[in-house]
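Below is the file start12.csv, which contains CSV, C-alpha atoms.
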```
chain,number,residue,atom,x,y,z
T,1,MET,CA,0.0,0.0,0.0
T,2,TYR,CA,1.1,3.6,-0.6
T,3,LYS,CA,2.7,5.8,2.0
T,4,VAL,CA,0.1,8.5,2.6
T,5,ASP,CA,1.3,12.0,3.1
T,6,ILE,CA,-2.1,13.7,3.5
T,7,GLU,CA,-5.3,12.1,4.5
T,8,VAL,CA,-8.6,13.9,3.6
T,9,ASP,CA,-11.8,12.9,5.2
T,10,ALA,CA,-14.9,13.8,3.1
T,11,LYS,CA,-17.3,11.2,4.4
T,12,TYR,CA,-21.0,12.0,4.2
T,13,SER,CA,-20.4,14.9,1.9
T,14,PHE,CA,-22.2,14.8,-1.4
T,15,CYS,CA,-20.8,15.7,-4.8
T,16,PRO,CA,-19.0,18.1,-5.3
T,17,GLY,CA,-18.0,18.2,-1.6
T,18,PRO,CA,-15.3,15.5,-1.7
T,19,LEU,CA,-13.7,16.9,-4.9
T,20,LEU,CA,-13.7,20.4,-3.5
T,21,LYS,CA,-12.0,19.2,-0.3
T,22,LEU,CA,-9.5,17.2,-2.3
T,23,PHE,CA,-8.8,20.2,-4.5
T,24,ASP,CA,-8.0,22.4,-1.5
T,25,TYR,CA,-5.4,19.9,-0.2
T,26,ALA,CA,-4.1,19.1,-3.7
T,27,GLN,CA,-3.3,22.8,-4.2
T,28,LYS,CA,-1.2,23.0,-1.0
T,29,ALA,CA,0.5,19.6,-1.6
T,30,LYS,CA,4.0,19.2,-3.0
T,31,PRO,CA,4.8,17.2,-6.2
T,32,GLY,CA,5.3,13.5,-5.3
T,33,GLN,CA,3.0,13.6,-2.3
T,34,ILE,CA,0.3,11.0,-2.0
T,35,ILE,CA,-3.2,12.0,-0.8
T,36,LYS,CA,-5.8,9.6,0.5
T,37,LEU,CA,-9.3,10.7,0.2
T,38,ILE,CA,-12.0,9.0,2.2
T,39,ALA,CA,-15.5,9.5,0.9
T,40,THR,CA,-19.0,7.9,0.9
T,41,ASP,CA,-20.3,9.6,-2.2
T,42,PRO,CA,-20.5,6.8,-4.8
T,43,ALA,CA,-19.5,9.2,-7.5
T,44,ALA,CA,-16.2,10.0,-5.8
T,45,PRO,CA,-13.9,7.4,-7.4
T,46,ASP,CA,-14.9,8.3,-11.0
T,47,ASP,CA,-15.0,12.1,-10.3
T,48,VAL,CA,-11.6,12.0,-8.7
T,49,LYS,CA,-10.2,9.9,-11.5
T,50,ASN,CA,-11.6,12.2,-14.2
T,51,TRP,CA,-10.5,15.3,-12.3
T,52,ALA,CA,-6.9,14.0,-11.7
T,53,GLU,CA,-6.6,13.1,-15.4
T,54,SER,CA,-7.8,16.5,-16.4
T,55,VAL,CA,-5.5,18.5,-14.2
T,56,GLY,CA,-2.5,16.2,-14.5
T,57,HIS,CA,-2.3,14.4,-11.2
T,58,GLU,CA,-1.9,10.6,-11.1
T,59,PHE,CA,-4.9,8.5,-10.0
T,60,LEU,CA,-3.4,5.5,-8.2
T,61,ILE,CA,-6.1,3.2,-6.9
T,62,PHE,CA,-9.3,3.1,-4.9
T,63,ASN,CA,-10.9,0.5,-2.7
T,64,GLU,CA,-14.4,0.3,-1.2
T,65,LYS,CA,-15.6,-1.3,2.0
T,66,ASP,CA,-19.1,-1.0,3.4
T,67,GLY,CA,-19.8,2.0,1.2
T,68,VAL,CA,-16.7,3.9,2.3
T,69,TYR,CA,-14.2,4.7,-0.5
T,70,GLU,CA,-10.5,5.2,0.0
T,71,ILE,CA,-9.0,6.9,-3.1
T,72,TYR,CA,-5.3,7.5,-3.6
T,73,ILE,CA,-3.8,10.1,-5.9
T,74,LYS,CA,-0.3,11.3,-6.5
T,75,ILE,CA,0.4,15.0,-6.9
T,76,ILE,CA,2.3,15.6,-10.1
T,77,GLY,CA,2.5,19.4,-10.5
T,78,SER,CA,0.6,22.1,-8.8
T,79,SER,CA,-3.0,22.3,-9.9
B,1,MET,CA,-24.0,29.1,-17.9
B,2,ILE,CA,-27.3,30.8,-17.6
B,3,VAL,CA,-29.1,30.8,-14.2
B,4,SER,CA,-32.7,31.8,-14.7
B,5,SER,CA,-34.2,30.8,-11.4
B,6,GLU,CA,-33.3,31.3,-7.8
B,7,ARG,CA,-35.1,28.2,-6.7
B,8,LEU,CA,-32.7,25.8,-5.2
B,9,ASP,CA,-33.5,23.0,-7.7
B,10,LYS,CA,-32.0,25.2,-10.4
B,11,LEU,CA,-29.4,27.0,-8.3
B,12,TYR,CA,-27.7,24.0,-6.9
B,13,PRO,CA,-27.1,22.0,-10.2
B,14,ALA,CA,-25.7,25.2,-11.8
B,15,ILE,CA,-23.4,25.9,-9.0
B,16,ILE,CA,-22.3,22.3,-8.4
B,17,LEU,CA,-21.3,22.0,-12.1
B,18,ALA,CA,-19.7,25.5,-12.1
B,19,SER,CA,-17.6,24.8,-9.0
B,20,SER,CA,-16.6,21.3,-10.3
B,21,ALA,CA,-15.5,22.9,-13.6
B,22,CYS,CA,-13.4,25.4,-11.7
B,23,THR,CA,-11.5,22.7,-9.9
B,24,MET,CA,-10.7,21.2,-13.4
B,25,GLY,CA,-9.2,24.5,-14.4
B,26,TRP,CA,-12.0,25.5,-16.7
B,27,ASP,CA,-13.0,29.2,-17.0
B,28,VAL,CA,-16.6,29.5,-16.0
B,29,GLU,CA,-19.0,32.4,-16.3
B,30,LEU,CA,-22.4,32.4,-14.7
B,31,PHE,CA,-25.0,34.8,-16.0
B,32,PHE,CA,-27.8,35.4,-13.5
B,33,THR,CA,-30.9,36.6,-15.3
B,34,PHE,CA,-34.6,37.1,-14.6
B,35,PHE,CA,-35.6,35.2,-11.5
B,36,GLY,CA,-32.1,33.9,-11.2
B,37,LEU,CA,-31.0,37.4,-10.5
B,38,LEU,CA,-32.9,37.5,-7.2
B,39,ALA,CA,-30.3,35.2,-5.8
B,40,LEU,CA,-27.8,38.0,-6.2
B,41,LYS,CA,-30.0,40.6,-4.5
B,42,LYS,CA,-28.6,41.9,-1.2
B,43,GLY,CA,-30.7,41.0,1.8
B,44,TYR,CA,-32.4,38.1,-0.1
B,45,GLN,CA,-31.5,34.4,0.6
B,46,PRO,CA,-32.9,31.7,-1.7
B,47,SER,CA,-34.4,29.1,0.5
B,48,SER,CA,-36.8,26.9,-1.3
B,49,LEU,CA,-37.3,24.6,-4.2
B,50,SER,CA,-39.8,25.1,-7.1
B,51,LYS,CA,-43.3,24.5,-6.0
B,52,ASP,CA,-43.5,21.0,-7.7
B,53,TYR,CA,-40.7,19.8,-5.4
B,54,ASN,CA,-42.0,21.3,-2.1
B,55,GLU,CA,-41.9,17.8,-0.5
B,56,TYR,CA,-38.1,17.8,-0.9
B,57,ASN,CA,-37.5,21.1,0.9
B,58,GLU,CA,-37.0,19.3,4.2
B,59,ILE,CA,-34.5,16.8,2.8
B,60,LEU,CA,-32.4,19.5,1.2
B,61,ASN,CA,-32.5,21.7,4.3
B,62,GLU,CA,-31.5,18.8,6.5
B,63,ALA,CA,-28.5,18.0,4.2
B,64,VAL,CA,-27.4,21.6,4.3
B,65,SER,CA,-27.7,21.9,8.1
B,66,LYS,CA,-25.8,18.7,8.5
B,67,GLY,CA,-23.1,19.9,6.2
B,68,SER,CA,-23.3,17.1,3.7
B,69,MET,CA,-24.4,19.7,1.2
B,70,PRO,CA,-22.7,23.1,1.3
B,71,LYS,CA,-24.8,26.3,1.3
B,72,TRP,CA,-25.2,27.5,-2.3
B,73,ASP,CA,-23.4,30.8,-1.7
B,74,GLU,CA,-20.5,29.3,0.2
B,75,LEU,CA,-20.0,27.0,-2.8
B,76,LEU,CA,-20.0,29.9,-5.1
B,77,ILE,CA,-17.5,31.9,-3.0
B,78,LYS,CA,-15.3,28.8,-2.7
B,79,ALA,CA,-15.4,28.4,-6.5
B,80,LYS,CA,-14.4,32.0,-6.9
B,81,GLU,CA,-11.2,31.4,-4.9
B,82,THR,CA,-10.0,29.4,-7.9
B,83,ASN,CA,-10.0,32.6,-9.9
B,84,LYS,CA,-11.8,30.7,-12.6
B,85,LEU,CA,-15.3,31.8,-11.9
B,86,LYS,CA,-16.9,35.0,-13.1
B,87,ILE,CA,-20.4,36.0,-11.9
B,88,PHE,CA,-22.5,38.4,-14.0
B,89,ALA,CA,-25.7,40.1,-13.2
B,90,CYS,CA,-28.2,40.8,-16.0
B,91,THR,CA,-28.8,44.5,-16.4
B,92,THR,CA,-32.2,44.0,-18.1
B,93,THR,CA,-33.5,42.2,-15.0
B,94,MET,CA,-31.9,44.8,-12.7
B,95,GLY,CA,-33.9,47.4,-14.6
B,96,LEU,CA,-37.1,45.4,-14.6
B,97,PHE,CA,-36.9,44.7,-10.8
B,98,LYS,CA,-35.5,48.1,-10.0
B,99,ILE,CA,-32.4,46.8,-8.4
B,100,GLY,CA,-29.4,49.2,-8.6
B,101,LYS,CA,-25.7,48.1,-8.6
B,102,ASN,CA,-25.6,48.8,-4.9
B,103,GLY,CA,-28.4,46.3,-4.3
B,104,ILE,CA,-26.3,43.5,-5.8
B,105,LYS,CA,-24.2,41.2,-3.6
B,106,ASP,CA,-20.4,41.9,-3.5
B,107,PHE,CA,-19.3,38.6,-5.1
B,108,VAL,CA,-20.7,39.7,-8.5
B,109,ASP,CA,-18.0,40.6,-11.0
B,110,ASP,CA,-19.8,42.7,-13.5
B,111,PHE,CA,-23.2,43.9,-14.8
B,112,VAL,CA,-23.8,42.8,-18.4
B,113,GLY,CA,-26.5,42.9,-21.1
B,114,ALA,CA,-27.7,40.1,-23.4
B,115,VAL,CA,-25.4,41.0,-26.3
B,116,THR,CA,-22.3,41.0,-24.1
B,117,PHE,CA,-23.2,37.7,-22.6
B,118,LEU,CA,-24.0,36.2,-26.0
B,119,GLY,CA,-20.7,37.4,-27.4
B,120,ARG,CA,-18.8,35.8,-24.5
B,121,SER,CA,-20.9,32.6,-24.9
B,122,LYS,CA,-19.9,32.3,-28.5
B,123,GLU,CA,-16.3,31.8,-27.5
B,124,SER,CA,-17.0,29.0,-25.0
B,125,ASP,CA,-17.0,25.3,-25.6
B,126,ILE,CA,-20.1,24.5,-23.4
B,127,ASN,CA,-23.2,26.5,-22.7
B,128,LEU,CA,-25.7,25.4,-20.1
B,129,PHE,CA,-29.1,26.8,-19.2
B,130,PHE,CA,-30.7,26.4,-15.8
```

Could the structure of this file be written out as structure tokens, please?
Amino acid sequence: MYKVDIEVDAKYSFCPGPLLKLFDYAQKAKPGQIIKLIATDPAAPDDVKNWAESVGHEFLIFNEKDGVYEIYIKIIGSS
Amino acid sequence: MIVSSERLDKLYPAIILASSACTMGWDVELFFTFFGLLALKKGYQPSSLSKDYNEYNEILNEAVSKGSMPKWDELLIKAKETNKLKIFACTTTMGLFKIGKNGIKDFVDDFVGAVTFLGRSKESDINLFF
């Protein structure tokens, strides 16, 4: 599993809450850092993947357990 | 994007898409016109859905008070922090409703007419109407 630099908890927040929260942290993060986003919004994995691809970060992996998603991205440049 | 209603069933979809687009680095312009303009009026806070959806008011208000859904204007102001969002108030409607520039909330960027908005829309890749 990845070494997480920043953990962002966006549980129980609906779209676009998780993405906006992630965006805030991603802006402050340094290249190479790994962010783990925890969310319950079922759109979060796809939204984060599309967002990461569109702004140039790397979408690593996500897993789901009991409706809770853990999504990992790697910061590439500053967004 | 054109926002033509201040009812939350129109306001939220517009602002959710606008703020998401801003996080993707897109330039977004929101044109508040006719009853959408009321959302920008100082001293006025949109608080309900369209009549047809009255039964959902409680669900939405509960989500907002619990924080699982942000307040519409907080979402808007947060999106503005990306410097990707511009908010325009329609001058026709301001004239119609007798609202002066001073009566419009401070987060509005400019006051524009139909031709100006159409000219700007022509340059954009996506136009949405709410």

Which residues come within 8 Å of region 16-24 of chain B, counting all atoms listed in the file, excluding same-chain residues fewer than 2 positions away, as a list in words?
Cys15, Pro16, Leu19, Leu20, Phe23, Trp51, Ser54 and Val55 of chain T; Tyr12, Pro13, Ala14, Trp26, Asp27, Val28, Leu30, Leu75, Leu76, Lys78, Ala79, Thr82, Lys84 and Leu85 of chain B

Output C-alpha atoms of each residue in that selection to a file, as a compact mmCIF listing (two decimals), in the coordinates of the input.
```
# COMPACT_ATOMS: atom_id res chain seq x y z
CA CYS T 15 -20.80 15.70 -4.80
CA PRO T 16 -19.00 18.10 -5.30
CA LEU T 19 -13.70 16.90 -4.90
CA LEU T 20 -13.70 20.40 -3.50
CA PHE T 23 -8.80 20.20 -4.50
CA TRP T 51 -10.50 15.30 -12.30
CA SER T 54 -7.80 16.50 -16.40
CA VAL T 55 -5.50 18.50 -14.20
CA TYR B 12 -27.70 24.00 -6.90
CA PRO B 13 -27.10 22.00 -10.20
CA ALA B 14 -25.70 25.20 -11.80
CA TRP B 26 -12.00 25.50 -16.70
CA ASP B 27 -13.00 29.20 -17.00
CA VAL B 28 -16.60 29.50 -16.00
CA LEU B 30 -22.40 32.40 -14.70
CA LEU B 75 -20.00 27.00 -2.80
CA LEU B 76 -20.00 29.90 -5.10
CA LYS B 78 -15.30 28.80 -2.70
CA ALA B 79 -15.40 28.40 -6.50
CA THR B 82 -10.00 29.40 -7.90
CA LYS B 84 -11.80 30.70 -12.60
CA LEU B 85 -15.30 31.80 -11.90
```

Up to 12 Å from chain B, what residues of chain T turn up? Count only C-alpha atoms and give them as a count of residues only.
34

For Lys65 (chain T), work out the shell of residues within 12 Å, counting all atoms listed in the file and skipping chain neighbours fewer than 4 positions away, then give it as a PDB file with C-alpha atoms, in the coordinates of the input.
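And here's part.pdb as it stands now:
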```pdb
ATOM      1  CA  ILE T  38     -12.000   9.000   2.200  1.00  0.00           C
ATOM      2  CA  ALA T  39     -15.500   9.500   0.900  1.00  0.00           C
ATOM      3  CA  THR T  40     -19.000   7.900   0.900  1.00  0.00           C
ATOM      4  CA  PRO T  42     -20.500   6.800  -4.800  1.00  0.00           C
ATOM      5  CA  TYR T  69     -14.200   4.700  -0.500  1.00  0.00           C
ATOM      6  CA  GLU T  70     -10.500   5.200   0.000  1.00  0.00           C
ATOM      7  CA  ILE T  71      -9.000   6.900  -3.100  1.00  0.00           C
TER       8      ILE T  71
END
```

Residues at most 8 Å from region 100-117 of chain B, counting all atoms listed in the file, excluding those fewer than 5 positions away in the same chain, as an MDAnalysis selection string?
chainID B and resid 31 40:42 77 86:92 94:95

Separation of CA of Trp72 (chain B) from CA of Tyr56 (chain B) in Å
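CA of Trp72 (chain B) lies 16.2 Å from CA of Tyr56 (chain B).
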
Using N, CA, C and O atoms, give me region 34-54 of chain T from the structure I just pasted, as a compact mmCIF listing (two decimals), in the first residue's frame.
```txt
# COMPACT_ATOMS: atom_id res chain seq x y z
N ILE T 34 1.42 11.86 -1.75
CA ILE T 34 0.25 11.01 -1.98
C ILE T 34 -0.88 11.41 -1.05
O ILE T 34 -0.69 11.55 0.16
N ILE T 35 -2.04 11.63 -1.64
CA ILE T 35 -3.21 12.01 -0.85
C ILE T 35 -4.21 10.86 -0.85
O ILE T 35 -4.48 10.25 -1.89
N LYS T 36 -4.69 10.57 0.33
CA LYS T 36 -5.76 9.57 0.46
C LYS T 36 -7.05 10.30 0.79
O LYS T 36 -7.13 11.02 1.77
N LEU T 37 -8.04 10.10 -0.06
CA LEU T 37 -9.35 10.72 0.16
C LEU T 37 -10.32 9.65 0.64
O LEU T 37 -10.45 8.60 0.01
N ILE T 38 -10.99 9.94 1.71
CA ILE T 38 -12.00 9.01 2.22
C ILE T 38 -13.37 9.63 1.97
O ILE T 38 -13.62 10.77 2.38
N ALA T 39 -14.22 8.89 1.26
CA ALA T 39 -15.52 9.47 0.88
C ALA T 39 -16.60 8.40 0.89
O ALA T 39 -16.32 7.20 0.76
N THR T 40 -17.84 8.84 1.02
CA THR T 40 -18.98 7.92 0.93
C THR T 40 -19.84 8.21 -0.29
O THR T 40 -20.76 7.45 -0.60
N ASP T 41 -19.56 9.31 -0.98
CA ASP T 41 -20.28 9.63 -2.21
C ASP T 41 -19.89 8.62 -3.29
O ASP T 41 -18.72 8.54 -3.66
N PRO T 42 -20.86 7.84 -3.81
CA PRO T 42 -20.50 6.81 -4.79
C PRO T 42 -19.89 7.35 -6.08
O PRO T 42 -19.28 6.61 -6.84
N ALA T 43 -20.06 8.66 -6.33
CA ALA T 43 -19.47 9.25 -7.54
C ALA T 43 -18.00 9.58 -7.35
O ALA T 43 -17.29 9.85 -8.31
N ALA T 44 -17.54 9.53 -6.10
CA ALA T 44 -16.20 10.04 -5.81
C ALA T 44 -15.07 9.35 -6.60
O ALA T 44 -14.24 10.05 -7.18
N PRO T 45 -15.03 8.01 -6.69
CA PRO T 45 -13.89 7.40 -7.43
C PRO T 45 -13.80 7.89 -8.88
O PRO T 45 -12.73 8.29 -9.33
N ASP T 46 -14.95 7.88 -9.58
CA ASP T 46 -14.93 8.33 -10.98
C ASP T 46 -14.64 9.82 -11.10
O ASP T 46 -13.89 10.25 -11.97
N ASP T 47 -15.25 10.61 -10.21
CA ASP T 47 -15.03 12.05 -10.26
C ASP T 47 -13.55 12.37 -10.01
O ASP T 47 -12.96 13.20 -10.71
N VAL T 48 -13.00 11.73 -9.03
CA VAL T 48 -11.59 12.00 -8.70
C VAL T 48 -10.68 11.56 -9.84
O VAL T 48 -9.73 12.25 -10.21
N LYS T 49 -11.00 10.39 -10.43
CA LYS T 49 -10.19 9.89 -11.54
C LYS T 49 -10.22 10.88 -12.72
O LYS T 49 -9.19 11.25 -13.27
N ASN T 50 -11.42 11.30 -13.08
CA ASN T 50 -11.55 12.24 -14.20
C ASN T 50 -10.89 13.58 -13.90
O ASN T 50 -10.26 14.19 -14.76
N TRP T 51 -11.06 14.02 -12.66
CA TRP T 51 -10.46 15.30 -12.28
C TRP T 51 -8.93 15.20 -12.33
O TRP T 51 -8.25 16.07 -12.90
N ALA T 52 -8.40 14.12 -11.75
CA ALA T 52 -6.94 13.95 -11.72
C ALA T 52 -6.38 13.92 -13.14
O ALA T 52 -5.38 14.58 -13.44
N GLU T 53 -7.04 13.18 -14.01
CA GLU T 53 -6.57 13.11 -15.40
C GLU T 53 -6.64 14.47 -16.08
O GLU T 53 -5.76 14.83 -16.85
N SER T 54 -7.67 15.22 -15.74
CA SER T 54 -7.83 16.50 -16.42
C SER T 54 -6.85 17.56 -15.92
O SER T 54 -6.45 18.44 -16.68
```
